[in-house]
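Shown below: protein26.txt, with compact mmCIF, C-alpha atoms.
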```
# COMPACT_ATOMS: atom_id res chain seq x y z
CA MET A 1300 -182.56 -210.25 -7.82
CA VAL A 1301 -178.89 -210.45 -8.40
CA GLU A 1302 -177.84 -213.06 -10.99
CA ARG A 1303 -174.39 -214.62 -10.66
CA ILE A 1304 -172.27 -214.66 -13.76
CA PRO A 1305 -170.26 -217.90 -13.96
CA ALA A 1306 -166.54 -217.44 -13.98
CA MET A 1307 -164.89 -217.88 -17.35
CA PRO A 1308 -162.32 -220.74 -17.46
CA ARG A 1309 -158.83 -219.41 -17.42
CA GLU A 1310 -156.71 -220.15 -20.44
CA GLN A 1311 -153.79 -222.55 -19.86
CA THR A 1312 -150.67 -220.58 -19.32
CA GLY A 1313 -147.62 -220.97 -21.54
CA THR A 1314 -145.72 -222.59 -18.67
CA ALA A 1315 -148.35 -225.30 -18.24
CA LYS A 1316 -148.29 -226.02 -21.97
CA ARG A 1317 -144.51 -226.40 -21.95
CA ARG A 1318 -144.70 -228.75 -18.97
CA GLY A 1319 -147.22 -230.90 -20.79
CA GLY A 1320 -145.02 -230.98 -23.91
CA LYS A 1321 -141.94 -231.97 -21.93
CA LEU A 1322 -143.85 -234.72 -20.14
CA LEU A 1323 -144.98 -236.11 -23.49
CA TRP A 1324 -141.41 -236.14 -24.85
CA ILE A 1325 -140.16 -237.86 -21.70
CA VAL A 1326 -142.78 -240.58 -22.09
CA VAL A 1327 -141.86 -241.04 -25.76
CA ALA A 1328 -138.13 -241.13 -24.95
CA LEU A 1329 -138.66 -243.73 -22.24
CA PHE A 1330 -140.76 -245.82 -24.61
CA VAL A 1331 -138.08 -245.66 -27.31
CA ALA A 1332 -135.36 -246.51 -24.77
CA VAL A 1333 -137.29 -249.58 -23.66
CA LEU A 1334 -137.70 -250.68 -27.29
CA ILE A 1335 -133.96 -250.23 -27.92
CA VAL A 1336 -133.05 -252.26 -24.84
CA LEU A 1337 -135.44 -255.02 -25.87
CA PHE A 1338 -134.08 -254.99 -29.43
CA PHE A 1339 -130.45 -255.31 -28.38
CA ARG A 1340 -131.37 -258.17 -26.09
CA SER A 1341 -133.18 -260.00 -28.86
CA SER A 1342 -131.71 -262.38 -31.45
CA LEU A 1343 -132.27 -259.75 -34.15
CA SER A 1344 -129.24 -257.81 -32.91
CA ARG A 1345 -126.97 -260.88 -32.94
CA ILE A 1346 -124.91 -262.55 -35.64
CA GLY A 1347 -126.80 -265.60 -36.85
CA VAL A 1348 -124.51 -266.82 -39.63
CA ILE A 1349 -121.03 -266.03 -40.96
CA GLU A 1350 -120.25 -266.76 -44.62
CA ILE A 1351 -116.62 -266.67 -45.82
CA ASP A 1352 -115.84 -266.77 -49.55
CA GLY A 1353 -112.67 -266.78 -51.67
CA LEU A 1354 -110.49 -269.14 -49.64
CA THR A 1355 -107.78 -271.11 -51.42
CA TYR A 1356 -104.71 -271.04 -49.19
CA SER A 1357 -106.36 -269.70 -46.05
CA LYS A 1358 -108.43 -271.76 -43.64
CA LYS A 1359 -111.87 -270.77 -42.42
CA ASN A 1360 -110.82 -270.98 -38.77
CA GLN A 1361 -107.95 -268.55 -39.49
CA ILE A 1362 -110.37 -265.96 -40.82
CA GLU A 1363 -112.81 -266.50 -37.95
CA ALA A 1364 -110.01 -266.10 -35.41
CA GLU A 1365 -108.94 -262.79 -36.95
CA LEU A 1366 -112.52 -261.52 -37.13
CA GLY A 1367 -112.82 -261.96 -33.37
CA VAL A 1368 -116.59 -262.38 -33.55
CA GLY A 1369 -118.83 -265.40 -33.85
CA VAL A 1370 -122.45 -266.50 -33.97
CA GLY A 1371 -124.32 -264.88 -31.09
CA ASP A 1372 -122.09 -261.79 -30.89
CA SER A 1373 -123.30 -258.28 -31.64
CA PHE A 1374 -124.31 -257.74 -35.25
CA PHE A 1375 -123.60 -254.00 -35.17
CA MET A 1376 -120.24 -253.82 -33.40
CA PRO A 1377 -117.47 -253.78 -34.48
CA SER A 1378 -118.07 -252.06 -37.81
CA SER A 1379 -117.57 -253.79 -41.16
CA ASP A 1380 -114.40 -251.77 -41.83
CA LYS A 1381 -112.96 -252.72 -38.47
CA LEU A 1382 -113.60 -256.40 -39.11
CA ALA A 1383 -112.01 -256.14 -42.57
CA ASP A 1384 -108.90 -254.50 -41.09
CA ARG A 1385 -108.56 -257.41 -38.68
CA VAL A 1386 -108.62 -260.02 -41.46
CA LYS A 1387 -106.12 -258.06 -43.58
CA ARG A 1388 -103.50 -258.66 -40.90
CA LEU A 1389 -103.05 -262.16 -42.34
CA PRO A 1390 -100.03 -261.98 -44.71
CA GLN A 1391 -101.67 -264.02 -47.47
CA ILE A 1392 -104.67 -261.68 -47.69
CA LYS A 1393 -104.50 -258.94 -50.32
CA SER A 1394 -107.91 -257.43 -49.63
CA VAL A 1395 -111.18 -258.27 -47.88
CA GLN A 1396 -114.71 -256.92 -47.91
CA VAL A 1397 -117.07 -257.46 -44.98
CA THR A 1398 -120.76 -256.92 -45.62
CA LYS A 1399 -123.59 -257.08 -43.09
CA HIS A 1400 -127.06 -258.19 -44.18
CA PHE A 1401 -129.79 -257.58 -41.63
CA PRO A 1402 -130.88 -259.58 -39.80
CA GLY A 1403 -127.81 -261.40 -38.54
CA LYS A 1404 -125.87 -262.35 -41.69
CA LEU A 1405 -122.15 -261.50 -41.96
CA ASN A 1406 -120.46 -262.06 -45.34
CA VAL A 1407 -116.66 -262.00 -45.61
CA ALA A 1408 -115.27 -261.88 -49.18
CA VAL A 1409 -111.54 -262.65 -49.11
CA HIS A 1410 -109.06 -261.92 -51.92
CA GLU A 1411 -105.72 -263.67 -51.47
CA TYR A 1412 -102.47 -262.76 -53.20
CA PRO A 1413 -102.16 -264.89 -56.35
CA ALA A 1414 -99.80 -267.86 -56.48
CA VAL A 1415 -96.72 -267.11 -58.62
CA ALA A 1416 -94.23 -269.89 -57.84
CA LEU A 1417 -93.42 -273.06 -55.93
CA GLU A 1418 -90.58 -273.61 -53.49
CA LEU A 1419 -89.11 -276.44 -51.43
CA ASP A 1420 -90.39 -276.08 -47.88
CA GLY A 1421 -87.39 -277.66 -46.12
CA LYS A 1422 -89.25 -280.90 -45.45
CA GLY A 1423 -88.99 -282.34 -48.93
CA GLY A 1424 -92.32 -280.93 -50.04
CA LEU A 1425 -93.33 -277.94 -52.09
CA SER A 1426 -94.94 -274.79 -50.74
CA VAL A 1427 -96.81 -272.20 -52.78
CA VAL A 1428 -95.25 -268.74 -53.07
CA LEU A 1429 -97.65 -265.81 -53.38
CA ALA A 1430 -97.11 -262.51 -55.20
CA ASN A 1431 -96.04 -260.77 -51.98
CA GLY A 1432 -93.33 -263.40 -51.35
CA TYR A 1433 -95.21 -265.18 -48.57
CA SER A 1434 -95.14 -269.00 -48.65
CA VAL A 1435 -98.21 -271.08 -47.83
CA GLN A 1436 -99.00 -274.75 -47.80
CA PRO A 1437 -101.00 -276.05 -50.78
CA PRO A 1438 -104.61 -276.94 -50.00
CA ALA A 1439 -105.06 -280.43 -48.63
CA GLY A 1440 -105.91 -282.86 -51.41
CA GLY A 1441 -105.53 -280.12 -54.03
CA THR A 1442 -103.21 -280.03 -57.02
CA LEU A 1443 -100.20 -277.75 -57.14
CA PRO A 1444 -100.49 -274.77 -59.48
CA GLY A 1445 -98.41 -274.91 -62.67
CA LYS A 1446 -95.89 -272.30 -61.56
CA PRO A 1447 -92.07 -272.08 -61.77
CA VAL A 1448 -89.95 -273.48 -58.95
CA LEU A 1449 -87.74 -271.00 -57.07
CA THR A 1450 -84.36 -272.56 -56.30
CA ASN A 1451 -81.42 -271.34 -54.20
CA TRP A 1452 -83.25 -268.28 -52.90
CA ALA A 1453 -82.86 -267.02 -49.34
CA LYS A 1454 -86.21 -266.22 -47.73
CA ASP A 1455 -85.04 -262.74 -46.69
CA ASP A 1456 -83.48 -261.85 -50.05
CA PRO A 1457 -85.11 -258.57 -51.16
CA GLN A 1458 -84.69 -259.64 -54.79
CA ARG A 1459 -86.87 -262.68 -54.08
CA ALA A 1460 -89.69 -260.41 -52.89
CA ALA A 1461 -89.23 -258.16 -55.93
CA LEU A 1462 -89.25 -261.18 -58.23
CA CYS A 1463 -92.52 -262.46 -56.76
CA ALA A 1464 -94.15 -259.07 -57.28
CA THR A 1465 -92.95 -259.04 -60.90
CA LEU A 1466 -94.19 -262.58 -61.53
CA GLY A 1467 -97.56 -261.50 -60.20
CA SER A 1468 -97.74 -258.80 -62.89
CA LEU A 1469 -97.06 -261.18 -65.82
CA ASP A 1470 -99.83 -262.68 -67.92
CA ALA A 1471 -100.70 -266.30 -67.20
CA ALA A 1472 -99.40 -267.63 -70.52
CA GLY A 1473 -95.92 -266.14 -70.06
CA LEU A 1474 -95.63 -267.32 -66.48
CA ALA A 1475 -96.84 -270.84 -67.35
CA ASP A 1476 -93.77 -271.44 -69.56
CA PHE A 1477 -91.30 -270.76 -66.73
CA SER A 1478 -89.99 -273.97 -65.18
CA GLU A 1479 -87.28 -272.83 -62.74
CA ILE A 1480 -85.90 -269.49 -61.58
CA SER A 1481 -82.68 -269.07 -59.61
CA PRO A 1482 -80.57 -266.05 -58.61
CA ALA A 1483 -77.48 -265.30 -60.70
CA PRO A 1484 -76.21 -261.94 -59.37
CA SER A 1485 -73.18 -260.18 -60.80
CA THR A 1486 -71.37 -256.95 -59.98
CA ALA A 1487 -73.10 -255.15 -62.84
CA TYR A 1488 -76.49 -256.77 -62.26
CA PRO A 1489 -77.13 -257.61 -58.59
CA ASP A 1490 -80.72 -258.63 -59.47
CA ARG A 1491 -79.75 -260.94 -62.33
CA ILE A 1492 -81.69 -264.20 -62.55
CA ARG A 1493 -81.59 -267.38 -64.62
CA ILE A 1494 -84.79 -268.86 -65.97
CA PHE A 1495 -85.32 -272.28 -67.50
CA THR A 1496 -88.48 -272.56 -69.56
CA ARG A 1497 -90.65 -275.58 -70.28
CA SER A 1498 -90.18 -274.83 -73.98
CA GLY A 1499 -86.43 -275.48 -73.57
CA PHE A 1500 -84.87 -272.00 -73.32
CA ASP A 1501 -82.12 -270.93 -70.91
CA VAL A 1502 -82.70 -267.25 -70.15
CA LEU A 1503 -80.46 -264.75 -68.38
CA THR A 1504 -82.11 -261.45 -67.39
CA THR A 1505 -82.80 -259.34 -64.29
CA VAL A 1506 -85.75 -258.93 -61.98
CA GLY A 1507 -86.06 -255.30 -63.02
CA LYS A 1508 -86.00 -256.03 -66.75
CA LEU A 1509 -88.09 -259.21 -66.78
CA LYS A 1510 -91.49 -257.66 -67.47
CA GLU A 1511 -90.34 -255.39 -70.29
CA LYS A 1512 -88.32 -258.22 -71.91
CA MET A 1513 -91.28 -260.62 -71.97
CA VAL A 1514 -92.29 -259.42 -75.44
CA ILE A 1515 -88.88 -260.44 -76.83
CA LEU A 1516 -88.87 -263.75 -74.97
CA SER A 1517 -92.38 -264.63 -76.13
CA GLU A 1518 -91.41 -263.94 -79.74
CA LEU A 1519 -88.36 -266.21 -79.45
CA VAL A 1520 -90.33 -269.03 -77.82
CA GLU A 1521 -92.99 -268.91 -80.54
CA ASN A 1522 -90.71 -268.60 -83.55
CA ARG A 1523 -87.24 -269.92 -82.73
CA GLU A 1524 -85.78 -273.23 -81.73
CA PRO A 1525 -84.66 -273.62 -78.10
CA GLY A 1526 -81.41 -271.97 -77.12
CA THR A 1527 -79.66 -269.53 -74.81
CA VAL A 1528 -81.14 -266.06 -74.42
CA VAL A 1529 -79.54 -263.04 -72.74
CA LEU A 1530 -81.95 -260.17 -72.05
CA LEU A 1531 -79.95 -257.40 -70.39
CA ASP A 1532 -78.93 -253.98 -71.71
CA SER A 1533 -78.33 -255.75 -75.02
CA ASP A 1534 -80.19 -258.88 -76.11
CA THR A 1535 -78.67 -261.99 -77.67
CA TYR A 1536 -79.99 -265.36 -78.76
CA SER A 1537 -78.04 -268.50 -79.62
CA PRO A 1538 -79.78 -271.78 -80.54
CA TYR A 1539 -78.41 -274.94 -78.95
CA SER A 1540 -77.82 -276.41 -82.41
CA ALA A 1541 -75.39 -273.64 -83.28
CA GLN A 1542 -73.56 -274.12 -79.99
CA THR A 1543 -73.27 -277.86 -80.67
CA ASP A 1544 -71.89 -277.22 -84.15
CA ALA A 1545 -69.27 -274.85 -82.72
CA VAL A 1546 -68.19 -277.47 -80.16
CA ASP A 1547 -67.95 -280.11 -82.90
CA GLU A 1548 -65.79 -277.82 -85.03
CA ASP A 1549 -63.45 -277.10 -82.14
CA ALA A 1550 -63.14 -280.84 -81.43
CA ALA A 1551 -62.41 -281.72 -85.04
CA PRO A 1552 -58.71 -282.54 -85.77
```

Before we go any further, please render this structure as structure tokens.
Amino acid sequence: MVERIPAMPREQTGTAKRRGGKLLWIVVALFVAVLIVLFFRSSLSRIGVIEIDGLTYSKKNQIEAELGVGVGDSFFMPSSDKLADRVKRLPQIKSVQVTKHFPGKLNVAVHEYPAVALELDGKGGLSVVLANGYSVQPPAGGTLPGKPVLTNWAKDDPQRAALCATLGSLDAAGLADFSEISPAPSTAYPDRIRIFTRSGFDVLTTVGKLKEKMVILSELVENREPGTVVLLDSDTYSPYSAQTDAVDEDAAP
């Protein structure tokens, strides 16, 4: 009797194995793609709230307009850096940091240029001048900062812009004593300025020398009686009392 030997199962070929592996990856990829589509259609991928901090002279609607996104827009696009660049186009903004907190929270931290002076706005009111020379309206219902008043300055005067930058570099105590600053150019000193202080001094100096001369001016204000001060290449001080005495002597018969 002849006994049949059952055929041995053939091993799966390498080609069949590769086909099975590819099919598995295709299924996984399709599954992931479906999840991605569902995610980006869900509220989790949308902006739910926008918080804006650091506003003094800017308005919230200004910042929102520059951002170009709102509640319900994509949380992931544009990038944080791109959004920050948009807000920095506003002239009163010195820097801005945009941070995204998943899910859906957008935080915008604004840093404005500091206020350094006040200026008549042409309508009888005062505007606030920032360290970059840009003028803004004071906040509604707010108090004006205790800053010097710029008088007789042309808006496009480059010395005005340089002065504002210098004022922004001074310490608060020194700047607080300035009452009024006006241009007083001369042939030798085209950037010469005249400063009246709240402590009663009449100061003649230049935009370029102002910061370095603040040490001398502070010493005079603290230790001398009010008078006229010239802070240029050479420095002089004359108290008003001495000037009055000289006038009286000249008037005497």

Task: Residue nearest Pro1413 of chain A - candidates A:Val1348, A:Ile1494, A:Leu1469, A:Leu1516, atoms counted: only C-alpha atoms - done: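 Ranking A:Val1348, A:Ile1494, A:Leu1469, A:Leu1516 by distance to Pro1413 of chain A, first place goes to A:Leu1469.
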
Would you kindly identify which residues have an atom no farther than 6 Å from (-125.4, -262.0, -31.7), using all atoms listed in the file and the file's own coordinates, and write them out as an mmCIF file with C-alpha atoms, in the coordinates of the input?
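After the write, result-v6.cif holds the following:
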```cif
data_model
loop_
_atom_site.group_PDB
_atom_site.id
_atom_site.type_symbol
_atom_site.label_atom_id
_atom_site.label_comp_id
_atom_site.auth_asym_id
_atom_site.auth_seq_id
_atom_site.Cartn_x
_atom_site.Cartn_y
_atom_site.Cartn_z
ATOM 1 C CA SER A 1344 -129.240 -257.810 -32.910
ATOM 2 C CA ARG A 1345 -126.970 -260.880 -32.940
ATOM 3 C CA ILE A 1346 -124.910 -262.550 -35.640
ATOM 4 C CA VAL A 1370 -122.450 -266.500 -33.970
ATOM 5 C CA GLY A 1371 -124.320 -264.880 -31.090
ATOM 6 C CA ASP A 1372 -122.090 -261.790 -30.890
ATOM 7 C CA SER A 1373 -123.300 -258.280 -31.640
ATOM 8 C CA PHE A 1374 -124.310 -257.740 -35.250
#
```

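For the residues A:Gly1367, A:Pro1437, A:Gly1347, A:Gly1421, ranking by smallest atom-to-atom distance to Phe1401 of chain A using all atoms listed in the file places A:Gly1347 first.
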
Task: Atom-to-atom span, atom CA of Lys1446 of chain A and atom CA of Leu1429 of chain A, Å - done: 10.6 Å

Open item on the list: Rounded to one decimal, what separation in Å do you get between atom CA of Ser1357 of chain A and atom CA of Ser1481 of chain A?
Closed with: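 Atom-to-atom, atom CA of Ser1357 of chain A and atom CA of Ser1481 of chain A are spaced 27.3 Å apart.
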
Open item on the list: Using Å and a single decimal, report how far atom CA of Arg1493 of chain A sits from atom CA of Thr1527 of chain A.
Closed with: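 Here the two named atoms are 10.6 Å from each other.
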
Task: Nearest to Asp1534 of chain A by atom-to-atom distance, counting only C-alpha atoms, from A:Ile1392, A:Val1520, A:Val1368, A:Ile1515 - done: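 With only C-alpha atoms as the atom set, the closest residue is A:Ile1515.
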
Task: Spatial sel., origin (-96.2, -269.3, -73.2), limit 10 Å, all atoms listed in the file, listed as a count of residues only - done: 16

Open item on the list: Residues near Leu1425 of chain A, anyone? I mean within 10 Å using all atoms listed in the file, not counting same-chain ones fewer than 2 positions away, as a VMD selection string.
Closed with: chain A and resid 1416 to 1423 1427 to 1428 1434 to 1437 1443 1448

TODO: Please identify all polymer residues within 10 Å of Cys1463 of chain A, counting all atoms listed in the file, omitting same-chain residues fewer than 5 positions from it, and present them as a list of chain:residue names.
DONE: A:Pro1413, A:Ala1414, A:Val1415, A:Ala1416, A:Val1428, A:Leu1429, A:Ala1430, A:Asn1431, A:Gly1432, A:Tyr1433, A:Leu1449, A:Gln1458, A:Ser1468, A:Val1506

Build an axis-aligned box that encloses every atom of segment 1435-1451 of chain A listed in the file, pad it by 8 Å on each side, and report its centre and edge lengths in Å to one decimal, as AutoDock Vina command-line options.
```
--center_x -93.7 --center_y -276.9 --center_z -55.2 --size_x 40.5 --size_y 27.9 --size_z 30.9
```

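Of the listed residues A:Ala1408, A:Thr1398, A:Lys1393, A:Ser1485, the one whose atoms come nearest to Lys1359 of chain A is A:Ala1408, with distances taken using only C-alpha atoms.
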